[in-house]
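Undergrad: The following block contains the structure, expressed as structure tokens.
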Amino acid sequence: MPIDIRPARAADAPEIAHLHAESWRHAYAGILDDAYLAEPVERDHRRHWRHLLADPDPSLVVLVLEEHGRLRGFVSVELEADARWGALIENLHVSRRAHRRGFASHLLARAARRVAAHDPMAPVHLWVYEENRPAIAFYERIHGRCTGRQTEDAPGGGRVEALRYAWSTPARLLHAVGVRASHERAEPRAR
């Protein structure tokens, strides 16, 4: 079943915000404040994505994955986020209806290619809440190394522990997800 991965446009902001909020509601239930996840999260994400995509920053890559014209996932990468840890995968979210179909691997592979085109030797990293065990299991399956921990102020209040997972180069990430993506059913169209 063909999928399409393309750069996000300003018109995608409402759909990205909705998918982002739904993903948080599912993944962060019991981690973030329930009242925040009930409604404010969607409002905050709408504001964030509307602003971000209306005035794109050239150092930020936002890619969306569509299947039959419907948004199924997105990834955002800050290319020069950290002098030591390199590019930051700031967001990686896939619709619950599309879980376990390789879409996260396809998005990460495309993001790794974009990082490599910018700087082939740049490390790649992301932060994940320590309690988000399914995400951690995925990052470990694709050979991410846990390289740090920090306590953060959580959206909606409270404090959470976050772990940094890293890959030494985009090629390492691409190899790890490329192997997984090549065994999945969906094949992305080139853009």
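By convention in this document, the chains of the structure tokens carry letters A, B, ... by their order, each chain's residues are numbered from 1, and ligands are numbered from 1 in the order they are shown.
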I'd like to know which residues of segment 15-116 of chain A are alpha helix (DSSP H) (by DSSP, run on the backbone); could you write them as an MDAnalysis selection string?
TA: chainID A and resid 15:27 34:38 40:54 103:116
Undergrad: Please save C-alpha atoms of the selected residues as a PDB file, in the first residue's frame.
TA:
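Listed below is the output, result-v6.pdb:
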ATOM      1  CA  GLU A  15      -4.377  17.986  11.173  1.00  0.00           C
ATOM      2  CA  ILE A  16      -0.871  17.818  12.656  1.00  0.00           C
ATOM      3  CA  ALA A  17      -2.099  19.474  15.867  1.00  0.00           C
ATOM      4  CA  HIS A  18      -5.009  17.049  16.155  1.00  0.00           C
ATOM      5  CA  LEU A  19      -2.837  13.980  15.572  1.00  0.00           C
ATOM      6  CA  HIS A  20      -0.248  15.374  18.013  1.00  0.00           C
ATOM      7  CA  ALA A  21      -2.884  15.884  20.732  1.00  0.00           C
ATOM      8  CA  GLU A  22      -4.416  12.440  20.182  1.00  0.00           C
ATOM      9  CA  SER A  23      -0.986  10.841  20.333  1.00  0.00           C
ATOM     10  CA  TRP A  24      -0.230  12.593  23.626  1.00  0.00           C
ATOM     11  CA  ARG A  25      -3.607  11.567  25.060  1.00  0.00           C
ATOM     12  CA  HIS A  26      -2.806   7.950  24.330  1.00  0.00           C
ATOM     13  CA  ALA A  27       0.938   7.808  25.081  1.00  0.00           C
ATOM     14  CA  ASP A  34      -5.312  14.236  32.872  1.00  0.00           C
ATOM     15  CA  ALA A  35      -7.026  17.651  32.897  1.00  0.00           C
ATOM     16  CA  TYR A  36      -4.359  19.024  30.563  1.00  0.00           C
ATOM     17  CA  LEU A  37      -4.693  16.067  28.192  1.00  0.00           C
ATOM     18  CA  ALA A  38      -8.500  16.416  28.142  1.00  0.00           C
ATOM     19  CA  PRO A  40      -5.745  22.291  26.728  1.00  0.00           C
ATOM     20  CA  VAL A  41      -3.297  20.010  24.912  1.00  0.00           C
ATOM     21  CA  GLU A  42      -5.211  20.358  21.631  1.00  0.00           C
ATOM     22  CA  ARG A  43      -5.446  24.142  21.949  1.00  0.00           C
ATOM     23  CA  ASP A  44      -1.720  24.382  22.734  1.00  0.00           C
ATOM     24  CA  HIS A  45      -0.771  22.167  19.804  1.00  0.00           C
ATOM     25  CA  ARG A  46      -3.030  24.115  17.383  1.00  0.00           C
ATOM     26  CA  ARG A  47      -1.336  27.360  18.402  1.00  0.00           C
ATOM     27  CA  HIS A  48       2.134  25.812  18.213  1.00  0.00           C
ATOM     28  CA  TRP A  49       1.757  24.236  14.754  1.00  0.00           C
ATOM     29  CA  ARG A  50      -0.105  27.183  13.252  1.00  0.00           C
ATOM     30  CA  HIS A  51       2.732  29.503  14.291  1.00  0.00           C
ATOM     31  CA  LEU A  52       5.527  27.093  13.383  1.00  0.00           C
ATOM     32  CA  LEU A  53       4.258  26.277   9.882  1.00  0.00           C
ATOM     33  CA  ALA A  54       3.165  29.822   9.052  1.00  0.00           C
ATOM     34  CA  PHE A 103       5.258   4.337   9.541  1.00  0.00           C
ATOM     35  CA  ALA A 104       7.491   5.530  12.396  1.00  0.00           C
ATOM     36  CA  SER A 105      10.440   3.749  10.777  1.00  0.00           C
ATOM     37  CA  HIS A 106       9.702   5.346   7.410  1.00  0.00           C
ATOM     38  CA  LEU A 107       9.455   8.811   8.986  1.00  0.00           C
ATOM     39  CA  LEU A 108      12.708   8.355  10.907  1.00  0.00           C
ATOM     40  CA  ALA A 109      14.478   7.078   7.789  1.00  0.00           C
ATOM     41  CA  ARG A 110      13.402  10.142   5.824  1.00  0.00           C
ATOM     42  CA  ALA A 111      14.372  12.431   8.718  1.00  0.00           C
ATOM     43  CA  ALA A 112      17.808  10.767   8.941  1.00  0.00           C
ATOM     44  CA  ARG A 113      18.319  11.399   5.225  1.00  0.00           C
ATOM     45  CA  ARG A 114      17.496  15.080   5.722  1.00  0.00           C
ATOM     46  CA  VAL A 115      19.941  15.326   8.642  1.00  0.00           C
ATOM     47  CA  ALA A 116      22.629  13.575   6.559  1.00  0.00           C
TER      48      ALA A 116
END
Undergrad: Tell me, counting only C-alpha atoms, for each residue of segment 102-150 of chain A within 8 Å of segment 154-177 of chain A, which pair of atoms is nearest and how far apart they are in Å to one decimal, in rows ordered by chain and increasing number, as CSV.
TA:
residue,atom,partner,partner_atom,distance
A:Ser105,CA,A:Val177,CA,5.2
A:His106,CA,A:Val177,CA,7.3
A:Leu108,CA,A:Val177,CA,6.8
A:Ala109,CA,A:Leu174,CA,5.1
A:Ala112,CA,A:Pro170,CA,5.0
A:Arg113,CA,A:Pro170,CA,7.0
A:Val115,CA,A:Pro170,CA,6.3
A:Ala116,CA,A:Pro170,CA,5.5
A:Pro120,CA,A:Pro170,CA,6.5
A:Met121,CA,A:Thr169,CA,5.4
A:Ala122,CA,A:Thr169,CA,5.5
A:Pro123,CA,A:Thr169,CA,4.4
A:Val124,CA,A:Trp167,CA,5.3
A:His125,CA,A:Ala166,CA,4.1
A:Leu126,CA,A:Tyr165,CA,5.5
A:Trp127,CA,A:Arg164,CA,4.5
A:Val128,CA,A:Ala162,CA,5.3
A:Tyr129,CA,A:Ala162,CA,4.3
A:Glu130,CA,A:Ala162,CA,5.2
A:Glu131,CA,A:Glu161,CA,7.8
A:Tyr139,CA,A:Tyr165,CA,7.3
A:Ile142,CA,A:Ala176,CA,5.0
A:His143,CA,A:Ala176,CA,6.5
A:Gly144,CA,A:Ala166,CA,5.3
A:Arg145,CA,A:Tyr165,CA,5.1
A:Cys146,CA,A:Tyr165,CA,4.5
A:Thr147,CA,A:Arg164,CA,5.5
A:Gly148,CA,A:Arg164,CA,5.0
A:Arg149,CA,A:Leu163,CA,4.4
A:Gln150,CA,A:Ala162,CA,5.4
Undergrad: Using only C-alpha atoms, which residues sit within 10 Å of segment 55-61 of chain A once same-chain residues fewer than 4 positions away are excluded, as a PyMOL selection string?
TA: chain A and resi 7-10+49-51+75-81+87-90+111+114-115+118
Undergrad: Limited to C-alpha atoms, could you put the picked residues into a file as a tab-separated table (two decimals), in the first residue's frame?
TA:
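File written: selection29.tsv
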chain	number	residue	atom	x	y	z
A	7	PRO	CA	7.33	18.44	3.73
A	8	ALA	CA	4.57	19.88	5.89
A	9	ARG	CA	2.70	22.95	4.68
A	10	ALA	CA	0.89	25.66	6.64
A	49	TRP	CA	1.76	24.24	14.75
A	50	ARG	CA	-0.10	27.18	13.25
A	51	HIS	CA	2.73	29.50	14.29
A	75	VAL	CA	8.21	13.95	12.36
A	76	SER	CA	9.96	17.21	13.16
A	77	VAL	CA	13.72	17.60	13.38
A	78	GLU	CA	15.73	20.58	14.54
A	79	LEU	CA	18.89	20.24	12.45
A	80	GLU	CA	21.28	22.18	14.68
A	81	ALA	CA	19.76	21.74	18.12
A	87	ALA	CA	20.03	17.15	15.41
A	88	LEU	CA	17.00	16.80	17.67
A	89	ILE	CA	14.04	14.66	16.69
A	90	GLU	CA	11.56	16.89	18.45
A	111	ALA	CA	14.37	12.43	8.72
A	114	ARG	CA	17.50	15.08	5.72
A	115	VAL	CA	19.94	15.33	8.64
A	118	HIS	CA	22.60	18.88	6.10
Undergrad: State, in Å with one decimal place, the distance from atom CA of Phe74 of chain A to atom CA of Pro14 of chain A.
TA: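 Computing the Euclidean distance for atom CA of Phe74 of chain A and atom CA of Pro14 of chain A yields 12.7 Å.
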Undergrad: Please compute the atom CA of Arg141 of chain A-atom CA of Gly102 of chain A distance, one decimal, in Å.
TA: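 Rounded to one decimal, the two atoms are 12.9 Å apart.
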Undergrad: Just how far from atom CA of Ile5 of chain A is atom CA of Leu63 of chain A, in Å to one decimal?
TA: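 Separation of atom CA of Leu63 of chain A and atom CA of Ile5 of chain A: 6.5 Å.
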Undergrad: Could you find all residues in segment 5-183 of chain A that DSSP calls strand (DSSP E or B) from the backbone, and write them as number ranges by chain?
TA: A: 5-7, 29, 32, 60-67, 70-82, 86-94, 124-129, 145-153, 159-167
Undergrad: Would you mind exporting the chosen residues as a PDB file, in the first residue's frame, restricted to C-alpha atoms?
TA:
ATOM      1  CA  ILE A   5       6.114  11.439   2.829  1.00  0.00           C
ATOM      2  CA  ARG A   6       6.385  15.141   2.068  1.00  0.00           C
ATOM      3  CA  PRO A   7       7.327  18.436   3.726  1.00  0.00           C
ATOM      4  CA  ALA A  29      -2.126   9.041  29.962  1.00  0.00           C
ATOM      5  CA  LEU A  32       0.932  14.013  32.145  1.00  0.00           C
ATOM      6  CA  LEU A  60      13.553  22.822  11.278  1.00  0.00           C
ATOM      7  CA  VAL A  61      12.352  19.961   9.084  1.00  0.00           C
ATOM      8  CA  VAL A  62       8.724  18.870   9.428  1.00  0.00           C
ATOM      9  CA  LEU A  63       7.601  15.902   7.334  1.00  0.00           C
ATOM     10  CA  VAL A  64       4.152  14.359   7.139  1.00  0.00           C
ATOM     11  CA  LEU A  65       3.243  10.835   6.133  1.00  0.00           C
ATOM     12  CA  GLU A  66      -0.002  10.353   4.225  1.00  0.00           C
ATOM     13  CA  GLU A  67      -1.790   7.199   3.245  1.00  0.00           C
ATOM     14  CA  ARG A  70      -4.945  11.077   4.975  1.00  0.00           C
ATOM     15  CA  LEU A  71      -2.377  12.233   7.498  1.00  0.00           C
ATOM     16  CA  ARG A  72      -1.107   9.207   9.421  1.00  0.00           C
ATOM     17  CA  GLY A  73       2.055  10.583  11.042  1.00  0.00           C
ATOM     18  CA  PHE A  74       4.664  13.299  11.220  1.00  0.00           C
ATOM     19  CA  VAL A  75       8.207  13.948  12.359  1.00  0.00           C
ATOM     20  CA  SER A  76       9.961  17.214  13.158  1.00  0.00           C
ATOM     21  CA  VAL A  77      13.725  17.597  13.381  1.00  0.00           C
ATOM     22  CA  GLU A  78      15.730  20.577  14.542  1.00  0.00           C
ATOM     23  CA  LEU A  79      18.894  20.240  12.446  1.00  0.00           C
ATOM     24  CA  GLU A  80      21.280  22.185  14.684  1.00  0.00           C
ATOM     25  CA  ALA A  81      19.762  21.744  18.125  1.00  0.00           C
ATOM     26  CA  ASP A  82      22.806  20.939  20.219  1.00  0.00           C
ATOM     27  CA  GLY A  86      23.434  17.287  17.077  1.00  0.00           C
ATOM     28  CA  ALA A  87      20.035  17.146  15.410  1.00  0.00           C
ATOM     29  CA  LEU A  88      16.999  16.803  17.671  1.00  0.00           C
ATOM     30  CA  ILE A  89      14.044  14.664  16.690  1.00  0.00           C
ATOM     31  CA  GLU A  90      11.560  16.892  18.454  1.00  0.00           C
ATOM     32  CA  ASN A  91       8.399  15.030  17.459  1.00  0.00           C
ATOM     33  CA  LEU A  92       7.581  11.609  16.076  1.00  0.00           C
ATOM     34  CA  HIS A  93       3.901  10.702  16.117  1.00  0.00           C
ATOM     35  CA  VAL A  94       1.840   8.145  14.229  1.00  0.00           C
ATOM     36  CA  VAL A 124      20.984  12.585  16.169  1.00  0.00           C
ATOM     37  CA  HIS A 125      19.087  12.507  19.456  1.00  0.00           C
ATOM     38  CA  LEU A 126      15.645  12.716  21.001  1.00  0.00           C
ATOM     39  CA  TRP A 127      14.078  12.948  24.444  1.00  0.00           C
ATOM     40  CA  VAL A 128      11.451  10.490  25.674  1.00  0.00           C
ATOM     41  CA  TYR A 129       9.589  10.369  28.960  1.00  0.00           C
ATOM     42  CA  ARG A 145      21.639   4.499  23.136  1.00  0.00           C
ATOM     43  CA  CYS A 146      20.385   6.073  26.345  1.00  0.00           C
ATOM     44  CA  THR A 147      22.931   8.858  26.923  1.00  0.00           C
ATOM     45  CA  GLY A 148      21.334  11.043  29.561  1.00  0.00           C
ATOM     46  CA  ARG A 149      18.478  11.858  31.883  1.00  0.00           C
ATOM     47  CA  GLN A 150      16.877  15.077  33.018  1.00  0.00           C
ATOM     48  CA  THR A 151      13.925  16.181  35.105  1.00  0.00           C
ATOM     49  CA  GLU A 152      11.599  18.500  33.177  1.00  0.00           C
ATOM     50  CA  ASP A 153       8.597  20.670  33.907  1.00  0.00           C
ATOM     51  CA  ARG A 159       7.672  17.142  36.815  1.00  0.00           C
ATOM     52  CA  VAL A 160       8.700  14.200  34.633  1.00  0.00           C
ATOM     53  CA  GLU A 161      11.888  12.267  34.015  1.00  0.00           C
ATOM     54  CA  ALA A 162      13.105  12.285  30.411  1.00  0.00           C
ATOM     55  CA  LEU A 163      15.782  10.145  28.801  1.00  0.00           C
ATOM     56  CA  ARG A 164      17.997  11.133  25.866  1.00  0.00           C
ATOM     57  CA  TYR A 165      18.400   8.472  23.166  1.00  0.00           C
ATOM     58  CA  ALA A 166      21.115   9.081  20.583  1.00  0.00           C
ATOM     59  CA  TRP A 167      22.685   7.770  17.392  1.00  0.00           C
TER      60      TRP A 167
END
